[in-house]
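Following: one structure in structure tokens, then a few remarks.
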Amino acid sequence: MRYFLLIFIFISLAFSVVEFSTEQRLQMPYRKEGLSEREAAEHLLSRLSFGGRPGEAEKLLSMGLEKWVQQQLGQSLPGTEVEKRLSDFDALSLDNETIVNRYLNAGQVLRMMQKNGTLSRDSMAKLEKADYRKDVLKLMQQQGLKPPQELNRQLFAQKLIRAVYSENQLQELMTDFWFNHFNVSVTKGQSQPFVLTYERDAIRPHTLGKFESLLKATAQHPAMLFYLDNASSGSDNNQMNQRIKKMAPANSKLKRAAGLNENYAREVMELHTLGVDGGYVQADVTEVARALTGWTVRPMMKDGYGGRLSKLQQSRLGKNMATTEGDFLFLAVRHDQGEKTVLGKKYTSNGGLNEGLEVLHQLASHPSTARFICKKIATRFVSDTPSVALVTAMAAVFTQSGGDIKQTMIAMLNSREFWKKEVLRSKIKSPFELVVSAIRATNADLRNTNQLNDWCARMGQKIYSYAAPTGFPDKASFWVNTGSLLNRMNFGLAIGAQRIPGVAVNLLALNNNHEPESIEDALKTYSAILLPGRNQTENINRLTNLVRDESLQSRLDKALASTQSASTTQEDMTGGADMMGDVMARSKGKGKGEGKKIPAMEAAVSGQVAHVVGIIIGSPEFQRK
Amino acid sequence: MANRRAFMKSGAMAVFATGLGGIPSFIAAAAGERKIIPPYKKAKTLVCIFQRGAMDGLMAVTPYADPNLKLLRPGLYMSPAQTEGKLFDLDGKFGLHPSLGSLSTYFTEGRMAVVHGVGSPNKTRSHFDAQDYMESGTPNSKSTASGWLNRAVGLTGHDATPFSAVSLTAALPRAMQGDHDALAINNLEEFMIQMKGNPLAGNMAANSFEQLYDQTSNQLLKQSGKESFEAMQMLDLKLVKNYTPVSGAIYPNSPLGKSLKQIAMLVKMNIGMEVAFAESGGWDTHFNQGTTNGSFARNLKDFSDSIAAFWKDMEGYQDDVTVMTMTEFGRTVHQNGTGGTDHGRASCLFVLGNDVRGGKVYHKMGALDKASLEDNRDLPVTTDFRSVFGAVAKKHLNVVDTAKLFPGYEGDMLYL
């Protein structure tokens, strides 16, 4: 055993030596751009994480920026908190087959009921929806079936929980980035059951690995095969297929002509690899589509034809007809056996499964791909308009390293452009980033994520639901417009006032349970906590006058209202029972130095703090990263 | 974005701080004080209703005279001759489903046209893909970033207001995504800075936000912030809160009814809305579709009554409004084994407006015998949806360049 281990270590060392040749040293030339170490730390937190937690910049400074970046690139910090919070989510570790047989929509359940005789066709025609709905629910309970919405709920929730609590922040950002690059959507019914495993198995393991691995994993995953229709693409230009057709009875389904579907072939070049100006023409689209014919999904429904297929595969003929790799299925009988030419490169006939893999390799290694991918990474992490020089420098590393994403990221961090003053805070947070950064900045406790999904949608980003294969556009003008901006402000106010069910914020705890002395104090204190490292003097001065009026007014209101009913007033002011509980408990327990305050007064102060925090989170400065 | 804003030249921001004490909402002070007159004459408001899920066009407007129909869907066939729940005969060939009763008058008056056999040249029978193609307006290209209604707003040839394109949905539909500003508002009452239960605080917050956004160094945030606050001012929330439709306009209490009611408010506010979008769901009738009664009939009645209420409510504004419906595809001619219909190809749509050449079913429909159907099962697409959408955009929105509206489309336009 020990020898094996030694040999293993030796081999891995040997490999790492080989890799070192393309590996670059992390340099981060922030000083050359006139940034202090603290400014650099804030910049790193705003770009390589979903925003810092209170005091996190200090942590970076004490451990050293380089070490922090290396940790982020390493992606192996312990995930204790995330695991704890995800322990109740039973869908996250399921495989595709279990998922498709467990999460069924109403139509699928009805068909099942008809099949097993629980519901006859006659009675169905007579029954009203409400009547059979009861039976459907009963059957679902008996058989442990769940609606697809439950799968989506867990999918949405895990993204938020990981983004907020994961120590490996860069990994979460990269997962978000690559998912969006290779977008699939729960809005397409056929892909919906597979989106969860798509992110987990096709995206997440490769986020800082080789680009080609990502490309292959996404190309062969059921979510993508269904989303861009390659699963249904086939060809009759196949000897085996022609023989079968001849033998099949006249009205058999096997007689139907197989059709070429170019959707995936087009998008894999336009959106995933070369880019729209990457130098391909329509003929290449058709050729790539032909090369990928027969790439489809293994049947997994219990009552489907999966049984027949696995029997078939045991026979020799079957082995020639179909190859599975996980849930990916290569149906040789549907593959176009002819010659092909992709971007000038010839592929001889009878290339089979390998042909498609070679085409993906060709696309992944193309110089247009290096430029296209690097521009997209730079747009995400540096600015909406990265310079040609930066993209070229990154693309060179991308190509030399065989499409190594980690090396490409290091090249980006080593560029001076990443640290330029005009780049700092020049990007606008997406709604999802805004929500996550607000939760992180306020150290909020996320108990239920449903409402936050609604907020993201209202601000223009319904996660996992972008219908087009382009993914969400990564530019400020897409996120900032009249309607969404008001919702961003309202989101700030809502989270400050504890009006988002499932999100517990303790604003006083953020300030070590120290109550601000005055409204100016509150503004100063919470600006420093929520927007660290920024000069807020001007904003604070401007706001002080406005907010001070409010404090006066609300105190008056308070005084009026408290003569009627103290308890209802408190709820009105803070809106959150949790915080009220905290306030009450403290006023009972500790007893403040400056004499006993009545609860209504404390509530008023909390109300002000809530208001101040709401304004800060809704402010333009908090929208930037 | 910035250069397209005509209405902002007034400059003076009579903000929200006026008359604070006691007033329940800053809106009260702001509402109605400033009338913004756009420096151009807009053509019309085009109200688009997307029936998601694929409406069975053959049941909504039935070619009852074709004997094949009764053979292929015996359990779903209806005619003007039946005693109970009979069709409203349109022209001896087509009959309107009884649930569309509230719209039949408009057909008789010649204000509503039906187009039958409409669909996409792309043969997909996937809801997702077909909706995507119909909304992008490019049936053979998935990667078109913008929607056709968004492009339409940009092609009207004049400046926009924040309310030029409004979707009464939670998220912006694909049809309205793109370079031009478009708003998605589920509920007009929520178009404000708000603190539930504490309007005063909301008022104050609005004031603070306005100042902060005015001072930010980020031009995009500054500009959009300004537009947002102007838009809030333009929106007459007093009218929203106390809205009373024209007497006799009774909106169903359904998502579509609510959306159309709010569209009516926006039209009456005269704030430059040119494209409005609403959705209606529940058309995917694989199971238990029903005939005179049942899920389809109920849904169709809601659809019909919502539009009829809206049109009634538009009295005095009807000359400025055109309504057009759309659905991603139709359903199989034959009924399936579960009392419903499966995904098909062509369906029908409705266009309503005072200058629509209505009272007619526009179609090129042939016989419905199996051999004449597309893939032996579906009503073939004989009218490209772009020929209707393009003609409506041209005539009712003054969009001249339909080549930009529907890139790649070279077919005819069907003027109604």
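Here, A, B, ... name the chains of the structure tokens in the order displayed, residue numbers run from 1 inside each chain, and ligands are numbered from 1 in the same displayed order.
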Any idea what's packed within 6 Å of His116 (chain B), counting only C-alpha atoms, ignoring anything in its chain fewer than 2 positions away? Could you give it as a list in words?
Val118, Cys348 and His363 of chain B
Counting only C-alpha atoms, chain B residues within 8 Å of chain A, as number ranges by chain
B: 127-128, 132, 142-143, 145, 162, 170-172, 174, 181, 183-185, 191-195, 197-198, 201, 204-205, 207-209, 212-213, 216, 218, 220-221, 224-225, 227-228, 231, 288, 290, 294, 337-339
Selection export as a compact mmCIF listing (two decimals), in the first residue's frame, atoms kept: N, CA and C atoms:
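Contents of the output file result_37.txt:
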```
# COMPACT_ATOMS: atom_id res chain seq x y z
N HIS B 127 -42.87 23.84 -27.26
CA HIS B 127 -43.39 25.13 -26.81
C HIS B 127 -42.27 26.15 -26.72
N PHE B 128 -41.22 25.70 -26.06
CA PHE B 128 -40.08 26.57 -25.78
C PHE B 128 -39.50 27.16 -27.06
N ASP B 132 -39.93 30.93 -28.51
CA ASP B 132 -38.68 31.64 -28.70
C ASP B 132 -38.61 32.24 -30.12
N LYS B 142 -31.72 30.91 -33.50
CA LYS B 142 -31.94 30.96 -32.06
C LYS B 142 -31.22 32.10 -31.39
N SER B 143 -30.13 32.54 -32.00
CA SER B 143 -29.26 33.44 -31.25
C SER B 143 -29.60 34.92 -31.45
N ALA B 145 -30.60 38.17 -30.40
CA ALA B 145 -30.65 38.60 -29.00
C ALA B 145 -31.93 39.35 -28.68
N PRO B 162 -40.17 56.25 -20.98
CA PRO B 162 -39.93 55.00 -20.25
C PRO B 162 -41.09 54.02 -20.43
N ALA B 170 -44.21 39.59 -14.72
CA ALA B 170 -43.19 39.74 -13.69
C ALA B 170 -41.81 39.95 -14.32
N ALA B 171 -41.53 39.21 -15.38
CA ALA B 171 -40.24 39.38 -16.04
C ALA B 171 -40.48 39.80 -17.49
N LEU B 172 -39.49 40.44 -18.05
CA LEU B 172 -39.62 40.91 -19.42
C LEU B 172 -39.68 39.72 -20.37
N ARG B 174 -39.42 37.50 -23.80
CA ARG B 174 -38.41 37.45 -24.87
C ARG B 174 -38.72 38.45 -25.97
N ASP B 181 -35.33 50.44 -24.22
CA ASP B 181 -35.90 50.27 -22.89
C ASP B 181 -37.28 49.66 -22.97
N LEU B 183 -40.26 48.01 -20.09
CA LEU B 183 -40.55 47.84 -18.67
C LEU B 183 -41.38 46.59 -18.45
N ALA B 184 -41.05 45.85 -17.43
CA ALA B 184 -41.94 44.77 -17.01
C ALA B 184 -42.53 45.17 -15.66
N ILE B 185 -43.82 45.32 -15.60
CA ILE B 185 -44.48 45.67 -14.34
C ILE B 185 -45.63 44.70 -14.12
N PHE B 191 -45.05 50.28 -8.65
CA PHE B 191 -44.05 51.08 -9.35
C PHE B 191 -43.76 52.35 -8.56
N MET B 192 -43.13 52.16 -7.43
CA MET B 192 -42.79 53.29 -6.56
C MET B 192 -41.77 52.80 -5.55
N ILE B 193 -41.14 53.76 -4.89
CA ILE B 193 -40.27 53.39 -3.78
C ILE B 193 -41.17 53.14 -2.59
N GLN B 194 -41.07 51.99 -2.01
CA GLN B 194 -42.07 51.68 -0.99
C GLN B 194 -41.50 50.99 0.24
N MET B 195 -42.10 51.35 1.33
CA MET B 195 -41.87 50.67 2.59
C MET B 195 -43.26 50.30 3.07
N GLY B 197 -46.40 49.67 4.96
CA GLY B 197 -46.83 50.06 6.30
C GLY B 197 -46.20 51.36 6.76
N ASN B 198 -45.30 51.90 5.96
CA ASN B 198 -44.68 53.15 6.38
C ASN B 198 -44.42 54.04 5.16
N ALA B 201 -41.74 56.77 5.33
CA ALA B 201 -40.35 56.34 5.18
C ALA B 201 -40.04 56.09 3.71
N MET B 204 -39.38 59.38 2.13
CA MET B 204 -38.07 59.90 2.46
C MET B 204 -36.98 59.16 1.72
N ALA B 205 -37.15 57.85 1.65
CA ALA B 205 -36.15 57.04 0.97
C ALA B 205 -36.06 57.46 -0.49
N ASN B 207 -36.62 60.29 -1.76
CA ASN B 207 -35.90 61.55 -1.80
C ASN B 207 -34.39 61.32 -1.71
N SER B 208 -34.00 60.47 -0.78
CA SER B 208 -32.57 60.18 -0.61
C SER B 208 -32.00 59.52 -1.84
N PHE B 209 -32.71 58.53 -2.33
CA PHE B 209 -32.22 57.80 -3.51
C PHE B 209 -32.06 58.75 -4.70
N LEU B 212 -28.90 60.62 -4.31
CA LEU B 212 -27.72 59.77 -4.45
C LEU B 212 -27.47 59.40 -5.91
N TYR B 213 -28.55 59.05 -6.60
CA TYR B 213 -28.38 58.65 -8.00
C TYR B 213 -28.01 59.85 -8.87
N THR B 216 -24.08 60.25 -8.47
CA THR B 216 -23.11 59.18 -8.69
C THR B 216 -22.25 59.46 -9.91
N ASN B 218 -21.13 57.18 -11.83
CA ASN B 218 -21.43 56.20 -12.89
C ASN B 218 -22.57 56.74 -13.75
N LEU B 220 -24.31 55.60 -16.24
CA LEU B 220 -25.46 54.75 -16.52
C LEU B 220 -26.43 54.76 -15.34
N LEU B 221 -25.88 54.65 -14.13
CA LEU B 221 -26.74 54.65 -12.94
C LEU B 221 -27.40 56.02 -12.78
N SER B 224 -30.14 56.36 -15.59
CA SER B 224 -31.28 55.48 -15.35
C SER B 224 -32.03 55.89 -14.09
N GLY B 225 -31.26 56.35 -13.09
CA GLY B 225 -31.91 56.81 -11.86
C GLY B 225 -32.83 57.97 -12.17
N GLU B 227 -34.20 58.73 -14.99
CA GLU B 227 -35.35 58.24 -15.75
C GLU B 227 -36.36 57.54 -14.85
N SER B 228 -35.83 56.79 -13.89
CA SER B 228 -36.74 56.06 -13.00
C SER B 228 -37.62 57.01 -12.22
N ALA B 231 -40.10 58.60 -14.44
CA ALA B 231 -41.16 57.66 -14.80
C ALA B 231 -42.16 57.52 -13.65
N ASN B 288 -58.52 16.05 -21.57
CA ASN B 288 -59.82 16.51 -21.14
C ASN B 288 -60.12 17.94 -21.60
N GLY B 290 -62.55 19.14 -23.48
CA GLY B 290 -63.95 19.54 -23.40
C GLY B 290 -64.41 20.23 -24.67
N GLY B 294 -65.82 22.77 -20.06
CA GLY B 294 -64.53 22.13 -19.86
C GLY B 294 -63.41 23.14 -19.83
N GLY B 337 -55.79 10.17 -27.15
CA GLY B 337 -56.45 9.16 -26.33
C GLY B 337 -56.94 9.66 -24.99
N THR B 338 -56.67 10.89 -24.67
CA THR B 338 -57.05 11.38 -23.35
C THR B 338 -57.98 12.60 -23.47
N GLY B 339 -58.80 12.59 -24.49
CA GLY B 339 -59.80 13.64 -24.62
C GLY B 339 -59.21 15.01 -24.90
```
Measuring atom to atom with only C-alpha atoms, identify which of A:Asp445, A:Glu287, A:Glu325, A:Glu262 is nearest to Gly344 (chain A).
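Smallest distance to Gly344 (chain A) is found for A:Glu287.
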Using only C-alpha atoms, which protein or nucleic acid residues come within 9 Å of region 374-382 of chain A? Drop anything in the same chain fewer than 5 positions from it, and give the result as a PDB file with C-alpha atoms, in the first residue's frame.
```
ATOM      1  CA  ARG A  47     -14.334  40.722  -8.362  1.00  0.00           C
ATOM      2  CA  LEU A  48     -13.268  37.242  -7.258  1.00  0.00           C
ATOM      3  CA  PHE A 177     -20.079  32.199 -15.335  1.00  0.00           C
ATOM      4  CA  HIS A 181     -21.835  30.602 -21.057  1.00  0.00           C
ATOM      5  CA  THR A 369     -12.096  30.207 -29.448  1.00  0.00           C
ATOM      6  CA  SER A 387      -8.830  46.089 -24.244  1.00  0.00           C
ATOM      7  CA  VAL A 388      -7.648  44.078 -27.234  1.00  0.00           C
ATOM      8  CA  LEU A 390      -5.568  42.215 -22.528  1.00  0.00           C
ATOM      9  CA  VAL A 391      -7.631  39.727 -24.522  1.00  0.00           C
ATOM     10  CA  THR A 392      -4.637  38.915 -26.738  1.00  0.00           C
ATOM     11  CA  MET A 394      -4.914  36.076 -22.087  1.00  0.00           C
ATOM     12  CA  ALA A 395      -5.576  34.223 -25.344  1.00  0.00           C
ATOM     13  CA  PHE A 398      -5.061  30.038 -23.043  1.00  0.00           C
ATOM     14  CA  THR A 408      -5.888  32.174 -18.100  1.00  0.00           C
ATOM     15  CA  MET A 409      -7.249  33.651 -14.872  1.00  0.00           C
ATOM     16  CA  MET A 412      -5.691  38.226 -16.199  1.00  0.00           C
ATOM     17  CA  GLU A 417      -5.503  46.385 -16.750  1.00  0.00           C
ATOM     18  CA  PHE A 418      -7.198  44.379 -14.003  1.00  0.00           C
ATOM     19  CA  TRP A 419      -5.874  46.883 -11.437  1.00  0.00           C
ATOM     20  CA  VAL A 423     -11.671  49.566 -13.641  1.00  0.00           C
ATOM     21  CA  LEU A 424     -12.401  49.649  -9.907  1.00  0.00           C
ATOM     22  CA  SER A 426     -16.847  50.005 -12.945  1.00  0.00           C
ATOM     23  CA  LYS A 427     -19.047  46.958 -13.282  1.00  0.00           C
ATOM     24  CA  ASP A 474     -22.914  40.525 -19.261  1.00  0.00           C
ATOM     25  CA  LYS A 475     -23.176  44.274 -19.569  1.00  0.00           C
TER      26      LYS A 475
END
```
As a ChimeraX atom specification, please: every residue in region 192-264 of chain A that a backbone DSSP assignment puts in alpha helix (DSSP H).
/A:195-197,211-219,222-227,239-247,263-264
Could those selected residues go to a file with C-alpha atoms, as a PDB file, in the first residue's frame?
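Produced file selection_14.pdb, reproduced below:
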```
ATOM      1  CA  VAL A 195     -30.422  21.176 -15.074  1.00  0.00           C
ATOM      2  CA  LEU A 196     -29.411  20.295 -11.532  1.00  0.00           C
ATOM      3  CA  THR A 197     -27.027  17.507 -12.542  1.00  0.00           C
ATOM      4  CA  PHE A 211     -11.926  24.350 -21.442  1.00  0.00           C
ATOM      5  CA  GLU A 212     -12.204  21.277 -23.616  1.00  0.00           C
ATOM      6  CA  SER A 213     -13.374  19.188 -20.660  1.00  0.00           C
ATOM      7  CA  LEU A 214     -16.152  21.687 -20.086  1.00  0.00           C
ATOM      8  CA  LEU A 215     -17.106  21.645 -23.734  1.00  0.00           C
ATOM      9  CA  LYS A 216     -17.244  17.861 -23.880  1.00  0.00           C
ATOM     10  CA  ALA A 217     -19.096  17.512 -20.582  1.00  0.00           C
ATOM     11  CA  THR A 218     -21.758  20.007 -21.614  1.00  0.00           C
ATOM     12  CA  ALA A 219     -22.069  18.545 -25.110  1.00  0.00           C
ATOM     13  CA  PRO A 222     -28.827  15.352 -21.254  1.00  0.00           C
ATOM     14  CA  ALA A 223     -29.681  18.950 -20.313  1.00  0.00           C
ATOM     15  CA  MET A 224     -27.766  20.341 -23.302  1.00  0.00           C
ATOM     16  CA  LEU A 225     -28.664  17.491 -25.655  1.00  0.00           C
ATOM     17  CA  PHE A 226     -32.325  18.254 -25.067  1.00  0.00           C
ATOM     18  CA  TYR A 227     -32.026  22.028 -24.733  1.00  0.00           C
ATOM     19  CA  GLN A 239     -26.086   1.242 -43.651  1.00  0.00           C
ATOM     20  CA  MET A 240     -27.378  -0.398 -40.484  1.00  0.00           C
ATOM     21  CA  ASN A 241     -30.262   2.031 -40.370  1.00  0.00           C
ATOM     22  CA  GLN A 242     -31.158   1.380 -43.992  1.00  0.00           C
ATOM     23  CA  ARG A 243     -31.212  -2.373 -43.390  1.00  0.00           C
ATOM     24  CA  ILE A 244     -33.498  -1.934 -40.386  1.00  0.00           C
ATOM     25  CA  LYS A 245     -35.823   0.277 -42.387  1.00  0.00           C
ATOM     26  CA  LYS A 246     -36.069  -2.306 -45.118  1.00  0.00           C
ATOM     27  CA  MET A 247     -36.956  -5.038 -42.644  1.00  0.00           C
ATOM     28  CA  ASN A 263     -29.417  23.863 -33.400  1.00  0.00           C
ATOM     29  CA  TYR A 264     -26.606  22.613 -31.244  1.00  0.00           C
TER      30      TYR A 264
END
```
Using DSSP assignments from the backbone, pull out every residue in region 139-350 of chain B that falls under strand (DSSP E) and give it to me as a PDB file with N, CA and C atoms, in the first residue's frame.
```
ATOM      1  N   ALA B 165     -42.672  50.818 -24.131  1.00  0.00           N
ATOM      2  CA  ALA B 165     -42.951  49.385 -24.214  1.00  0.00           C
ATOM      3  C   ALA B 165     -43.127  48.844 -22.808  1.00  0.00           C
ATOM      4  N   VAL B 166     -44.306  48.365 -22.512  1.00  0.00           N
ATOM      5  CA  VAL B 166     -44.597  47.887 -21.162  1.00  0.00           C
ATOM      6  C   VAL B 166     -45.158  46.476 -21.227  1.00  0.00           C
ATOM      7  N   SER B 167     -44.585  45.603 -20.426  1.00  0.00           N
ATOM      8  CA  SER B 167     -45.113  44.248 -20.334  1.00  0.00           C
ATOM      9  C   SER B 167     -45.725  44.062 -18.960  1.00  0.00           C
ATOM     10  N   LEU B 183     -40.259  48.009 -20.092  1.00  0.00           N
ATOM     11  CA  LEU B 183     -40.555  47.842 -18.673  1.00  0.00           C
ATOM     12  C   LEU B 183     -41.381  46.589 -18.454  1.00  0.00           C
ATOM     13  N   ALA B 184     -41.047  45.846 -17.429  1.00  0.00           N
ATOM     14  CA  ALA B 184     -41.938  44.771 -17.007  1.00  0.00           C
ATOM     15  C   ALA B 184     -42.527  45.175 -15.662  1.00  0.00           C
ATOM     16  N   VAL B 275     -46.297  49.946 -27.192  1.00  0.00           N
ATOM     17  CA  VAL B 275     -46.434  48.501 -27.222  1.00  0.00           C
ATOM     18  C   VAL B 275     -46.750  48.026 -25.810  1.00  0.00           C
ATOM     19  N   ALA B 276     -47.819  47.259 -25.681  1.00  0.00           N
ATOM     20  CA  ALA B 276     -48.152  46.656 -24.387  1.00  0.00           C
ATOM     21  C   ALA B 276     -48.236  45.147 -24.590  1.00  0.00           C
ATOM     22  N   PHE B 277     -47.892  44.407 -23.559  1.00  0.00           N
ATOM     23  CA  PHE B 277     -47.812  42.960 -23.702  1.00  0.00           C
ATOM     24  C   PHE B 277     -48.480  42.304 -22.498  1.00  0.00           C
ATOM     25  N   ALA B 278     -49.310  41.313 -22.775  1.00  0.00           N
ATOM     26  CA  ALA B 278     -49.933  40.554 -21.681  1.00  0.00           C
ATOM     27  C   ALA B 278     -49.930  39.078 -22.058  1.00  0.00           C
ATOM     28  N   GLU B 279     -50.099  38.243 -21.070  1.00  0.00           N
ATOM     29  CA  GLU B 279     -50.047  36.802 -21.326  1.00  0.00           C
ATOM     30  C   GLU B 279     -51.301  36.115 -20.822  1.00  0.00           C
ATOM     31  N   SER B 280     -51.586  34.999 -21.471  1.00  0.00           N
ATOM     32  CA  SER B 280     -52.697  34.176 -21.036  1.00  0.00           C
ATOM     33  C   SER B 280     -52.203  32.737 -21.102  1.00  0.00           C
ATOM     34  N   VAL B 321     -55.952  52.354 -30.402  1.00  0.00           N
ATOM     35  CA  VAL B 321     -55.519  51.063 -29.858  1.00  0.00           C
ATOM     36  C   VAL B 321     -55.794  49.941 -30.860  1.00  0.00           C
ATOM     37  N   THR B 322     -54.836  49.025 -30.967  1.00  0.00           N
ATOM     38  CA  THR B 322     -55.036  47.805 -31.754  1.00  0.00           C
ATOM     39  C   THR B 322     -54.660  46.622 -30.868  1.00  0.00           C
ATOM     40  N   VAL B 323     -55.474  45.591 -30.887  1.00  0.00           N
ATOM     41  CA  VAL B 323     -55.182  44.394 -30.099  1.00  0.00           C
ATOM     42  C   VAL B 323     -54.839  43.263 -31.059  1.00  0.00           C
ATOM     43  N   MET B 324     -53.752  42.553 -30.764  1.00  0.00           N
ATOM     44  CA  MET B 324     -53.422  41.386 -31.583  1.00  0.00           C
ATOM     45  C   MET B 324     -53.066  40.222 -30.659  1.00  0.00           C
ATOM     46  N   THR B 325     -53.610  39.043 -30.956  1.00  0.00           N
ATOM     47  CA  THR B 325     -53.300  37.872 -30.146  1.00  0.00           C
ATOM     48  C   THR B 325     -52.338  36.972 -30.901  1.00  0.00           C
ATOM     49  N   MET B 326     -51.656  36.105 -30.179  1.00  0.00           N
ATOM     50  CA  MET B 326     -50.727  35.166 -30.828  1.00  0.00           C
ATOM     51  C   MET B 326     -50.542  33.941 -29.946  1.00  0.00           C
ATOM     52  N   THR B 327     -50.217  32.849 -30.576  1.00  0.00           N
ATOM     53  CA  THR B 327     -49.938  31.620 -29.845  1.00  0.00           C
ATOM     54  C   THR B 327     -48.882  30.841 -30.622  1.00  0.00           C
ATOM     55  N   SER B 347     -52.308  27.621 -36.066  1.00  0.00           N
ATOM     56  CA  SER B 347     -53.442  27.979 -35.203  1.00  0.00           C
ATOM     57  C   SER B 347     -54.099  29.218 -35.814  1.00  0.00           C
ATOM     58  N   CYS B 348     -54.855  29.954 -34.997  1.00  0.00           N
ATOM     59  CA  CYS B 348     -55.438  31.187 -35.522  1.00  0.00           C
ATOM     60  C   CYS B 348     -55.138  32.345 -34.580  1.00  0.00           C
ATOM     61  N   LEU B 349     -55.324  33.549 -35.064  1.00  0.00           N
ATOM     62  CA  LEU B 349     -55.143  34.718 -34.205  1.00  0.00           C
ATOM     63  C   LEU B 349     -56.208  35.768 -34.512  1.00  0.00           C
ATOM     64  N   PHE B 350     -56.331  36.722 -33.586  1.00  0.00           N
ATOM     65  CA  PHE B 350     -57.354  37.757 -33.695  1.00  0.00           C
ATOM     66  C   PHE B 350     -56.695  39.139 -33.716  1.00  0.00           C
TER      67      PHE B 350
END
```
Computed interatomic separation between CA of Ile410 (chain A) and CA of Gly55 (chain A) (Å):
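Going from CA of Ile410 (chain A) over to CA of Gly55 (chain A), I get 25.5 Å.
Within 10 Å of region 120-122 of chain B, once only C-alpha atoms are used and residues closer than 5 positions along the same chain are dropped, the contacting residues are Asp129, Ala130, Gln131, Tyr133, Met134, Gly137, Thr138, Pro139, Asn140, Ser141, Glu328, Phe329, Arg345, Ala346, Ser347, Pro380, Val381, Thr382, Thr383, Asp384, Phe385 and Arg386 of chain B.
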Which residues, written as an MDAnalysis selection string, have at least one atom at most 12 Å from Ala403 (chain B), with only C-alpha atoms counted and residues fewer than 2 positions away on the same chain left out?
chainID B and resid 137:138 148 151:152 155 386:387 390:391 393:394 399:401 405:413
For Ala297 (chain B): contacts at 10 Å, only C-alpha atoms, fewer than 2 positions along chain excluded, given as a CSV table (one decimal) with N, CA and C atoms, in the first residue's frame:
```csv
chain,number,residue,atom,x,y,z
B,59,MET,N,-60.6,24.7,-32.6
B,59,MET,CA,-61.7,24.7,-31.7
B,59,MET,C,-62.2,26.1,-31.5
B,60,ALA,N,-61.3,27.1,-31.4
B,60,ALA,CA,-61.6,28.5,-31.2
B,60,ALA,C,-62.4,29.0,-32.4
B,97,HIS,N,-66.3,29.7,-31.4
B,97,HIS,CA,-66.7,28.9,-30.2
B,97,HIS,C,-67.6,29.8,-29.3
B,98,PRO,N,-68.6,29.2,-28.7
B,98,PRO,CA,-69.6,30.0,-27.9
B,98,PRO,C,-68.9,30.8,-26.8
B,99,SER,N,-67.7,30.3,-26.3
B,99,SER,CA,-67.0,31.1,-25.3
B,99,SER,C,-66.5,32.4,-25.8
B,100,LEU,N,-66.4,32.6,-27.1
B,100,LEU,CA,-66.0,33.8,-27.7
B,100,LEU,C,-67.1,34.8,-28.0
B,289,GLN,N,-60.0,18.2,-22.9
B,289,GLN,CA,-60.1,19.5,-23.4
B,289,GLN,C,-61.6,20.0,-23.3
B,290,GLY,N,-62.6,19.1,-23.5
B,290,GLY,CA,-64.0,19.5,-23.4
B,290,GLY,C,-64.4,20.2,-24.7
B,291,THR,N,-65.7,20.5,-24.8
B,291,THR,CA,-66.2,21.2,-25.9
B,291,THR,C,-66.9,22.5,-25.5
B,292,THR,N,-68.2,22.5,-25.3
B,292,THR,CA,-68.9,23.7,-24.9
B,292,THR,C,-68.5,24.1,-23.4
B,293,ASN,N,-68.3,23.0,-22.6
B,293,ASN,CA,-67.8,23.2,-21.3
B,293,ASN,C,-66.5,22.5,-21.2
B,294,GLY,N,-65.8,22.8,-20.1
B,294,GLY,CA,-64.5,22.1,-19.9
B,294,GLY,C,-63.4,23.1,-19.8
B,295,SER,N,-62.2,22.6,-19.7
B,295,SER,CA,-61.1,23.5,-19.5
B,295,SER,C,-60.8,24.5,-20.6
B,299,ASN,N,-61.2,28.7,-20.3
B,299,ASN,CA,-60.1,29.5,-20.6
B,299,ASN,C,-60.4,30.5,-21.7
B,300,LEU,N,-61.1,30.0,-22.7
B,300,LEU,CA,-61.4,30.8,-23.9
B,300,LEU,C,-62.4,31.9,-23.5
B,301,LYS,N,-63.3,31.6,-22.5
B,301,LYS,CA,-64.2,32.6,-22.1
B,301,LYS,C,-63.5,33.7,-21.3
B,302,ASP,N,-62.5,33.3,-20.5
B,302,ASP,CA,-61.7,34.3,-19.8
B,302,ASP,C,-61.0,35.2,-20.8
B,303,PHE,N,-60.4,34.6,-21.8
B,303,PHE,CA,-59.7,35.3,-22.9
B,303,PHE,C,-60.6,36.3,-23.6
```
Excluding Thr324 (chain A) and its own-chain neighbours fewer than 6 positions away, which residues fall within 9 Å of it when counting only C-alpha atoms? Please give them as number ranges by chain.
A: 297-298, 330-331
